[in-house]
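Here the structure is laid out as C-alpha cells; the discussion comes afterwards.
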Amino acid sequence: MRTTGADHVPPRADDPLDRHFFPVRPWQLSETSYDKRHLGRNETLFAVGNGYLGMRGNVEEGRESFAHGTFVNGFHETFTIQHAEEAFGFARVGQTMVNVPDAKLIRLYVDDEPLLLPIAELDAYDRTLDFRSGRLTRSLVWRTPAGKRVRVDSSRMVSMTDRHLAVMTFEVTLLDSDAPVAISSQLLNRQDGEDEYYVRSAAMGQGADPRRSTTFHRRVLTPQSIGVEADSDRMIQGYRCAESGMTIAVAVDHVFETDNEFESNHHFDPDVARMTYRVDGRVGVPIRLQKNAVYHTSRGVPVRELVSRCRRTLDRACADGPEALLADQRHWFDGFWQRSDVEVDGPPEVQQAVRWNLFQLAQAGGRAEGGGVPAKGVTGTGYSGHYFWDTEIYTLPFFTYTTPRCARAALRFRYGLLDAARVRASQMTQRGALFPWRTINGEEASAYYAAGTAQYHIDADISYACSQYIAATGDQEFMQREAVDILVETARLWADLGFWRVNGAGVFHIHGVTGPDEYTTVVNDNLFTNVMAQGNLRDAATTVRWLAENDPDGHARMVARLELEDHEPQEWERAADRMFIPYEAHLGIHPQDAHFLDREVWDLEATPPSSLPLLLHYHPLVIYRFQVIKQADVVLALFLRGEAFTDEEKRANFEYYDPITTGDSTLSAVVQSIIAAEVGYHELALRYFYQSLFVDLADLHANTSDGVHVASTGGVWSALVYGFGGFRDAGGSYSIDPRLPEPWTSLTYRITLKGARVRVCVDHGQVVLTLESGESARLAVRGKELEVTPAEAVTVPLDGQGLRLPDGPPAWGRDGVRRADGTVISASVPHATEPHPF
C-alpha cells in the first residue's frame with residue numbers, strides 16, 4: 001500500500017528513507033507494505049525488548065525470515081577458542097549469545113491454506129512500532145486463494161514492568177465468507193544452525209566479518225523438561241546449555257476467545273510444543289488468541305526451579321489481565337519519555353528518527369539488571385551478544401543523565417566482573433585489574449589480541465563512567481562500596497603497566513597498547529589511552545582521599561579489603577601529572593601515538609567505495625602501515641577529556657584527523673559530529689549527525705540485519721545534547737554552550753543532576769532552563785553561573801552560535817591538510833613528537 005495525505009512527506013536530501021513505505025510519524029515507526037527485499041533490516045528495526053528479553057521483528061507466521069531470533073541478555077554458550085598458533089595469555093574461552101526457544105510463532109490457515117506473506121495477496125497492510133506504548137502491532141487484510149477476505153490484527157510486547165514476560169495477541173475476522181480456520185501457536189527450539197546466517201569469526205584478522213557471531217554445528221540446548229499442563233493451555237520447555245551449564249525455562253499460556261465453535265489439541269516433543277485451535281469461522285465473528293510467554297534463566301539453577309518461577313510469573317500475568325499489562329507498559333514509557341525525550345523543531349523525519357534511537361536505548365538497557373548492555377542489545381546476535389567499552393562511553397551517559405538507576409545497574413554488573421579482571425591482569429603479568437575487551441561472563445573472549453586485549457583503555461573507560469555517574473548523582477553508597485574498588489584496581493594496572501623514563505623530573509609512558517582506532521594497533525603512548533589513564537589515576541587518588549576525609553570507617557574497610565598501601569595514591573597522582581602526552585609543535589596537533597606521523601597517509605579519496613570498510617578488504621598488516629583511522633581516537637579524547645586541550649588544539653587536531661577517518665565504525669560519526677560542532681564546522685557536524693541518526697534505519701553500513709547499533713543510538717543522544725546542545729560535564733562542573741544547526745528552530749533536552757531534572761530549550765537567540773523536578777540545579781551558560789529553582793525559568797540570551805567556519809570540511813591534499821579557511825597544514829615538514837606541556 002502507498003501512503004497518502006499527512007503521513008507522506010516528500011523525500012529530502014538528508015532523509016534516506018523511502019517515505020512511501022515508512023511514513024513520517026513522530027511517535028511511531030511504520031511500514032505500509034510487506035517488504036521481503038529487506039527482511040533482515042526490518043526484523044531489526046521492528047524488534048521489541050526490554051534489556052533482558054528481546055524478540056526480533058519476525059512475522060508471526062514465521063515462514064520466511066532472514067534470521068529468527070529470541071534472545072536473553074547474558075544467556076550464552078561457551079567454547080574453546082582455537083588459535084592457529086598458541087601463545088601464553090591468549091583468550092581461551094569463547095562465549096556467544098544463544099538463540100533461545102521462540103514463542104513468537106502463530107500460524108494461520110483458512111480453508112487449510114496458510115497465510116504466507118511473501119506470496120499472499122494483501123488488500124491492506126500496516127505494521128507499527130509505537131514508542132509511547134512499547135508495542136508492535138500489525139494489521140492486514142488477506143485475500144485467500146479462494147478469494148475470501150480475512151482481517152488479521154496482531155500485537156507483540158515485551159514487558160518493561162515484568163522483564164520476564166512477553167505478551168502477544170492474534171485476532172482473525174472473516175470479512176465476507178464463512179470458512180474453517182486453524183491457528184497454531186508454537187514454542188519452537190530451532191536446533192543449532194537452523195535458519196542462521198552467521199559465520200564463525202572472532203575479531204579483525206580472523207574470519208569473513210568480525211562483527212558477526214559464532215554458529216555452533218552441534219546441539220547447544222539439551223532438553224530437561226517439556227510438556228503441556230493438564231487442564232490448561234500452558235506449554236513448558238526447559239533446557240541446559242551443553243558447555244556453559246546455563247539453564248533456561250520457557251512457559252506459554254493461551255487465552256482463546258471466540259463465539260464460534262472450536263476445538264483444541266496439543267503436541268509436544270523435545271524441540272517443539274504446539275497448541276492448535278480449529279474453528280468453524282463465521283463472517284464478522286472475531287477469533288482472538290492471547291499468548292503470554294515467560295523466560296527465566298540462570299547460571300546453574302536447576303530447570304525445575306526455573307519452571308516454578310515461570311508458573312508464578314504466568315499466574316500473576318493472568319491475574320492482572322491484558323488491560324493492566326498494557327497500562328503498566330504505557331505508564332513505564334510515559335516516565336521514560338518525561339525524563340529522556342529530545343525534541344527537535346526541524347524536519348519531522350529527524351524527530352521520528354531521534355525517538356526511534358532513544359527507544360532503542362530503553363529496549364537495550366531499561367531492564368538489563370544483572371547484565372551489561374550488549375553491542376546489539378537483544379535485537380540480534382551480532383558481536384555474539386558481547387559487552388564492550390561501548391556501554392560505558394556511548395550508552396551510559398544517556399542513562400546517567402536520564403535514568404540513573406539503569407546506569408547504576410550496568411556499573412554494578414562491571415563491578416561483579418572485578419575478580420575475573422584481577423585474574424586477567426595477573427595472566428597479563430600486571431597488578432590490579434584488567435577488564436576484558438569483549439565478554440559475557442567476565443573472561444576475555446577476543447581471539448585477536450592486537451585489536452582486543454591490547455585495548456587496555458577499557459579500564460579507563462569503565463572508571464570514567466563510574467566517576468561521571470557519581471558526580472551526576474551524588475551516589476556515595478555506590479562510590480564507597482563498589483566504585484572505589486574499580487578505581488583503585490584500574491589505577492594499579494596503569495601504575496604497573498606504565499614506566500618512568502628519567503629525563504629531568506621524569507616522564508611516565510605507556511607502551512604496547514591499542515587505542516579506539518583498530519586500524520593502528522599495539523603502539524607506544526596512544527594519546528587516547530594516556531589521557532584517559534591520566535584521568536583514571538587522578539580520580540582514584542581523589543576518591544581515596546575523599547573517603548579518608550569524609551568516611552574514615554569506610555576508608556579503613558576499603559584499605560583492608562584492597563590491601564591499599566599509603567604510598568599508592570601519591571604514586572598515581574605523580575604518574576598522572578607526568579603522563580607523556582604526545583604533541584607535535586610544528587603541526588600544532590597531538591599525534592595519535594608516538595610514531596603515528598611517521599607512517600604514510602592512506603589516500604581515502606582514491607579508495608573506491610567497494611573497498612570499504614577496509615577491514616573486509618585488506619590484510620591488517622596493510623592497514624597498520626598507514627595513517628588511516630577506523631574511528632575517532634584523538635578526536636574522542638578531545639570530547640571526553642576536553643578540559644585537557646585548548647580550543648586551538650581541538651580545532652587543529654580535528655582538521656588533521658577528520659580527513660583520514662574512514663568512519664568504518666558506527667562509533668565514529670557521533671564523536672566527529674560533537675567536535676565538529678564545537679570547533680565551528682557546523683554543517684559538517686549536521687552531516688555526521690545524520691549519518692548516525694539513520695545508520696540503522698537506512699542500513700547505511702549494510703549490517704543492520706545483525707542487530708541495532710546500540711552504541712550509535714547512545715551516540716545520537718550525545719550528539720544532540722553534547723554537540724548541538726553544548727552540554728559539558730568536566731570534573732562534575734556542568735555548562736552549556738549550544739551550537740544549534742541553522743535548519744532547526746529549536747532543540748529541547750533534559751538533564752538530571754543529583755535528582756533535579758532540568759529542561760534545556762535552545763533556540764537561535766536564547767537558552768531557557770526550567771526545573772521540572774527536584775529542588776535546584778547549578779549550571780553555567782557560556783560562562784555565566786546560574787542556579788535553576790522551581791520558582792521560575794531562567795532565560796539566557798545568546799550572542800551568536802559560537803565559532804562558525806566557512807562551508808566545507810577539512811581535506812587532505814598533496815600539500816597536507818587544507819582547512820576550511822584555505823590555510824594548509826604542511827605534511828612534508830620534518831617533525832619530532834614531543835611531550836605536551838603538563
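Within each chain, counting starts at residue 1; across the C-alpha cells, chains are named A, B, ... in the order shown, with ligands numbered 1 upward in that order.
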
Where in stretch 382-566 of chain A does DSSP assign strand (DSSP E), given as number ranges by chain? A: 499-501, 507-509

Within 10 Å of stretch 596-616 of chain A: each stretch 431-536 of chain A residue with its shortest pair, only C-alpha atoms, as JSON lines:
```
{"residue": "A:Glu518", "atom": "CA", "partner": "A:Leu615", "partner_atom": "CA", "distance": 9.3}
{"residue": "A:Tyr519", "atom": "CA", "partner": "A:Leu615", "partner_atom": "CA", "distance": 8.2}
{"residue": "A:Thr520", "atom": "CA", "partner": "A:Phe596", "partner_atom": "CA", "distance": 8.3}
{"residue": "A:Val523", "atom": "CA", "partner": "A:Phe596", "partner_atom": "CA", "distance": 8.6}
{"residue": "A:Asn524", "atom": "CA", "partner": "A:Phe596", "partner_atom": "CA", "distance": 9.5}
{"residue": "A:Asn526", "atom": "CA", "partner": "A:Phe596", "partner_atom": "CA", "distance": 9.1}
```

Within 10 Å of stretch 101-115 of chain A, which residues of stretch 143-186 of chain A show up? Give each one with its shortest atom-to-atom distance in Å (one decimal) and the two atoms involved, counting only C-alpha atoms, rows by chain then rising residue number, as a Markdown table.
```
| residue | atom | partner | partner_atom | distance |
| --- | --- | --- | --- | --- |
| A:Arg143 | CA | A:Leu115 | CA | 9.6 |
| A:Thr144 | CA | A:Glu113 | CA | 7.5 |
| A:Pro145 | CA | A:Glu113 | CA | 7.6 |
| A:Ala146 | CA | A:Asp111 | CA | 8.4 |
| A:Lys148 | CA | A:Val110 | CA | 9.0 |
| A:Val150 | CA | A:Val110 | CA | 8.6 |
| A:Val152 | CA | A:Leu108 | CA | 9.3 |
| A:Ser154 | CA | A:Ile106 | CA | 9.8 |
| A:Arg156 | CA | A:Lys104 | CA | 8.3 |
| A:Ala166 | CA | A:Ala103 | CA | 8.9 |
| A:Val167 | CA | A:Lys104 | CA | 9.5 |
| A:Met168 | CA | A:Lys104 | CA | 7.7 |
| A:Thr169 | CA | A:Ile106 | CA | 9.4 |
| A:Phe170 | CA | A:Ile106 | CA | 7.7 |
| A:Val172 | CA | A:Leu108 | CA | 8.8 |
| A:Leu174 | CA | A:Val110 | CA | 9.3 |
| A:Asp178 | CA | A:Asp111 | CA | 9.6 |
| A:Ala179 | CA | A:Asp111 | CA | 6.0 |
| A:Pro180 | CA | A:Asp111 | CA | 5.4 |
| A:Val181 | CA | A:Val110 | CA | 4.7 |
| A:Ala182 | CA | A:Tyr109 | CA | 5.0 |
| A:Ile183 | CA | A:Leu108 | CA | 4.8 |
| A:Ser184 | CA | A:Arg107 | CA | 5.0 |
| A:Ser185 | CA | A:Ile106 | CA | 4.5 |
| A:Gln186 | CA | A:Leu105 | CA | 5.3 |
```

Between A:Ser735, A:Gln351, A:Gln631, A:Thr78, which residue has the minimum interatomic distance to A:Leu720, considering only C-alpha atoms?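 When distances to A:Leu720 are compared using only C-alpha atoms, the smallest one comes from A:Gln351.
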
Please provide as a ChimeraX atom specification all residues within 9 Å of A:Thr402, with the sequence filter that same-chain residues fewer than 2 positions apart are discarded (counting only C-alpha atoms). /A:336,339-340,397-400,404,750-752,757

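Relative to atom CA of A:Tyr394, atom CA of A:Gly74 is found at 19.7 Å.
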
Which residues of stretch 285-352 of chain A have any atom within 12 Å of an atom in stretch 367-381 of chain A when counting only C-alpha atoms, and what is the closest pair of atoms for each, with the distance in Å to one decimal? Order the rows by chain and rising number and write it as a tab-separated table.
```
residue	atom	partner	partner_atom	distance
A:Thr297	CA	A:Gly370	CA	11.6
A:Ser298	CA	A:Gly370	CA	10.9
A:Arg299	CA	A:Gly370	CA	11.6
A:Trp332	CA	A:Arg367	CA	11.2
```

Quick one: residues within 10 Å of A:Leu396, only C-alpha atoms counted, chain neighbours fewer than 5 positions away excluded, as a VMD selection string? chain A and resid 361 365 373 390 to 391 401 to 404 406 to 408 410 to 411 465 to 466 468 to 469 711 714

Store the residues picked out above, limited to all heavy atoms, as a CSV table (one decimal), in the first residue's frame.
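The new file selection.csv reads:
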```csv
chain,number,residue,atom,x,y,z
A,361,LEU,N,17.5,2.6,23.1
A,361,LEU,CA,18.2,2.6,24.4
A,361,LEU,C,17.4,2.0,25.5
A,361,LEU,O,17.9,1.3,26.4
A,361,LEU,CB,18.7,4.0,24.7
A,361,LEU,CG,19.8,4.6,23.8
A,361,LEU,CD1,19.9,6.1,23.9
A,361,LEU,CD2,21.1,3.9,24.2
A,365,GLY,N,18.6,-1.3,27.6
A,365,GLY,CA,19.1,-1.2,28.9
A,365,GLY,C,18.1,-0.9,30.0
A,365,GLY,O,18.4,-0.8,31.2
A,373,VAL,N,25.1,-4.2,28.8
A,373,VAL,CA,24.3,-3.8,27.6
A,373,VAL,C,25.1,-4.3,26.4
A,373,VAL,O,26.1,-3.8,26.0
A,373,VAL,CB,24.2,-2.3,27.5
A,373,VAL,CG1,23.4,-1.9,26.3
A,373,VAL,CG2,23.5,-1.7,28.8
A,390,ASP,N,31.7,0.1,24.6
A,390,ASP,CA,30.6,0.9,24.1
A,390,ASP,C,29.7,1.3,25.2
A,390,ASP,O,29.1,2.4,25.3
A,390,ASP,CB,29.8,0.1,23.1
A,390,ASP,CG,30.6,-0.5,22.0
A,390,ASP,OD1,31.8,-0.5,22.1
A,390,ASP,OD2,30.0,-1.1,21.0
A,391,THR,N,29.4,0.3,26.1
A,391,THR,CA,28.5,0.5,27.2
A,391,THR,C,28.8,1.8,28.0
A,391,THR,O,28.0,2.7,28.2
A,391,THR,CB,28.4,-0.7,28.2
A,391,THR,OG1,28.0,-1.8,27.4
A,391,THR,CG2,27.4,-0.4,29.3
A,401,TYR,N,22.2,10.5,32.9
A,401,TYR,CA,21.6,11.8,33.0
A,401,TYR,C,20.1,11.8,32.7
A,401,TYR,O,19.4,12.8,32.8
A,401,TYR,CB,22.2,12.8,31.9
A,401,TYR,CG,23.6,13.2,32.4
A,401,TYR,CD1,24.7,12.8,31.6
A,401,TYR,CD2,23.8,14.0,33.5
A,401,TYR,CE1,26.0,13.2,32.0
A,401,TYR,CE2,25.1,14.4,33.9
A,401,TYR,CZ,26.2,13.9,33.2
A,401,TYR,OH,27.4,14.3,33.6
A,402,THR,N,19.5,10.6,32.5
A,402,THR,CA,18.1,10.5,32.4
A,402,THR,C,17.4,9.5,33.3
A,402,THR,O,16.4,9.7,33.9
A,402,THR,CB,17.7,10.2,30.9
A,402,THR,OG1,18.2,8.9,30.5
A,402,THR,CG2,18.2,11.2,29.9
A,403,THR,N,18.1,8.3,33.4
A,403,THR,CA,17.5,7.2,34.2
A,403,THR,C,18.7,6.6,35.0
A,403,THR,O,19.2,5.5,34.6
A,403,THR,CB,16.8,6.1,33.4
A,403,THR,OG1,15.9,6.8,32.5
A,403,THR,CG2,16.1,5.1,34.2
A,404,PRO,N,19.2,7.3,36.0
A,404,PRO,CA,20.4,6.8,36.7
A,404,PRO,C,20.4,5.4,37.2
A,404,PRO,O,21.4,4.8,37.3
A,404,PRO,CB,20.5,7.8,37.9
A,404,PRO,CG,19.8,9.0,37.4
A,404,PRO,CD,18.6,8.5,36.6
A,406,CYS,N,19.5,2.8,35.8
A,406,CYS,CA,20.0,1.9,34.8
A,406,CYS,C,21.5,2.0,34.6
A,406,CYS,O,22.1,0.9,34.4
A,406,CYS,CB,19.3,2.2,33.4
A,406,CYS,SG,17.5,1.9,33.4
A,407,ALA,N,22.0,3.2,34.8
A,407,ALA,CA,23.5,3.3,34.7
A,407,ALA,C,24.1,2.6,35.9
A,407,ALA,O,25.1,1.9,35.8
A,407,ALA,CB,23.9,4.8,34.7
A,408,ARG,N,23.5,2.8,37.1
A,408,ARG,CA,24.0,2.1,38.3
A,408,ARG,C,24.0,0.6,38.1
A,408,ARG,O,25.0,-0.1,38.5
A,408,ARG,CB,23.1,2.5,39.5
A,408,ARG,CG,23.7,2.1,40.9
A,408,ARG,CD,22.7,2.5,42.0
A,408,ARG,NE,23.4,2.6,43.2
A,408,ARG,CZ,23.5,1.7,44.1
A,408,ARG,NH1,22.9,0.5,43.8
A,408,ARG,NH2,24.1,1.9,45.3
A,410,ALA,N,24.2,-1.2,35.4
A,410,ALA,CA,25.3,-1.5,34.4
A,410,ALA,C,26.7,-1.5,35.1
A,410,ALA,O,27.5,-2.3,34.9
A,410,ALA,CB,25.2,-0.7,33.2
A,411,LEU,N,26.9,-0.5,35.9
A,411,LEU,CA,28.2,-0.3,36.6
A,411,LEU,C,28.3,-1.4,37.7
A,411,LEU,O,29.5,-1.9,37.9
A,411,LEU,CB,28.3,1.1,37.2
A,411,LEU,CG,28.5,2.2,36.1
A,411,LEU,CD1,28.4,3.6,36.8
A,411,LEU,CD2,29.8,2.1,35.3
A,465,ALA,N,33.2,6.2,33.4
A,465,ALA,CA,31.8,6.1,33.6
A,465,ALA,C,31.4,6.1,35.1
A,465,ALA,O,30.4,6.7,35.5
A,465,ALA,CB,31.2,4.8,32.9
A,466,CYS,N,32.2,5.4,35.9
A,466,CYS,CA,31.9,5.5,37.4
A,466,CYS,C,32.0,6.9,37.9
A,466,CYS,O,31.1,7.3,38.6
A,466,CYS,CB,32.9,4.6,38.1
A,466,CYS,SG,32.7,2.8,37.9
A,468,GLN,N,31.8,9.7,36.3
A,468,GLN,CA,30.7,10.5,35.7
A,468,GLN,C,29.4,10.3,36.4
A,468,GLN,O,28.7,11.2,36.7
A,468,GLN,CB,30.6,10.2,34.2
A,468,GLN,CG,29.5,11.0,33.5
A,468,GLN,CD,29.4,10.6,32.0
A,468,GLN,OE1,29.0,9.5,31.7
A,468,GLN,NE2,29.7,11.5,31.1
A,469,TYR,N,29.1,9.0,36.7
A,469,TYR,CA,27.8,8.7,37.3
A,469,TYR,C,27.8,9.2,38.8
A,469,TYR,O,26.8,9.8,39.2
A,469,TYR,CB,27.7,7.2,37.4
A,469,TYR,CG,26.6,6.7,38.3
A,469,TYR,CD1,25.2,6.8,38.0
A,469,TYR,CD2,26.9,6.2,39.6
A,469,TYR,CE1,24.2,6.3,38.8
A,469,TYR,CE2,25.9,5.8,40.5
A,469,TYR,CZ,24.6,5.9,40.1
A,469,TYR,OH,23.6,5.5,41.0
A,711,ALA,N,25.4,1.3,20.6
A,711,ALA,CA,26.3,2.4,21.0
A,711,ALA,C,26.0,3.7,20.1
A,711,ALA,O,26.1,4.8,20.6
A,711,ALA,CB,27.7,2.0,20.8
A,714,GLY,N,23.1,5.5,21.5
A,714,GLY,CA,23.5,6.4,22.6
A,714,GLY,C,24.3,7.6,22.1
A,714,GLY,O,24.2,8.7,22.6
```

Distance in Å - atom CA of A:Val559 versus atom CA of A:Gly498: 23.3 Å

Could you give me the residues within stretch 277-518 of chain A that DSSP places in alpha helix (DSSP H), as an MDAnalysis selection string? chainID A and resid 303:320 322:340 348:365 390 396:402 404:416 418:427 457:473 476:478 484:497

Where does stretch 89-171 of chain A meet stretch 15-25 of chain A within 12 Å, residue by residue, with the nearest atom pair and distance in Å to one decimal for each, counting only C-alpha atoms, listed by chain and rising number, as CSV?
```
residue,atom,partner,partner_atom,distance
A:Tyr125,CA,A:Phe21,CA,10.6
A:Asp126,CA,A:Phe21,CA,9.6
A:Arg127,CA,A:Phe22,CA,10.0
A:Thr128,CA,A:Phe22,CA,9.7
A:Leu129,CA,A:Arg25,CA,10.5
A:Asp130,CA,A:Arg25,CA,9.6
A:Phe131,CA,A:Arg25,CA,10.5
```
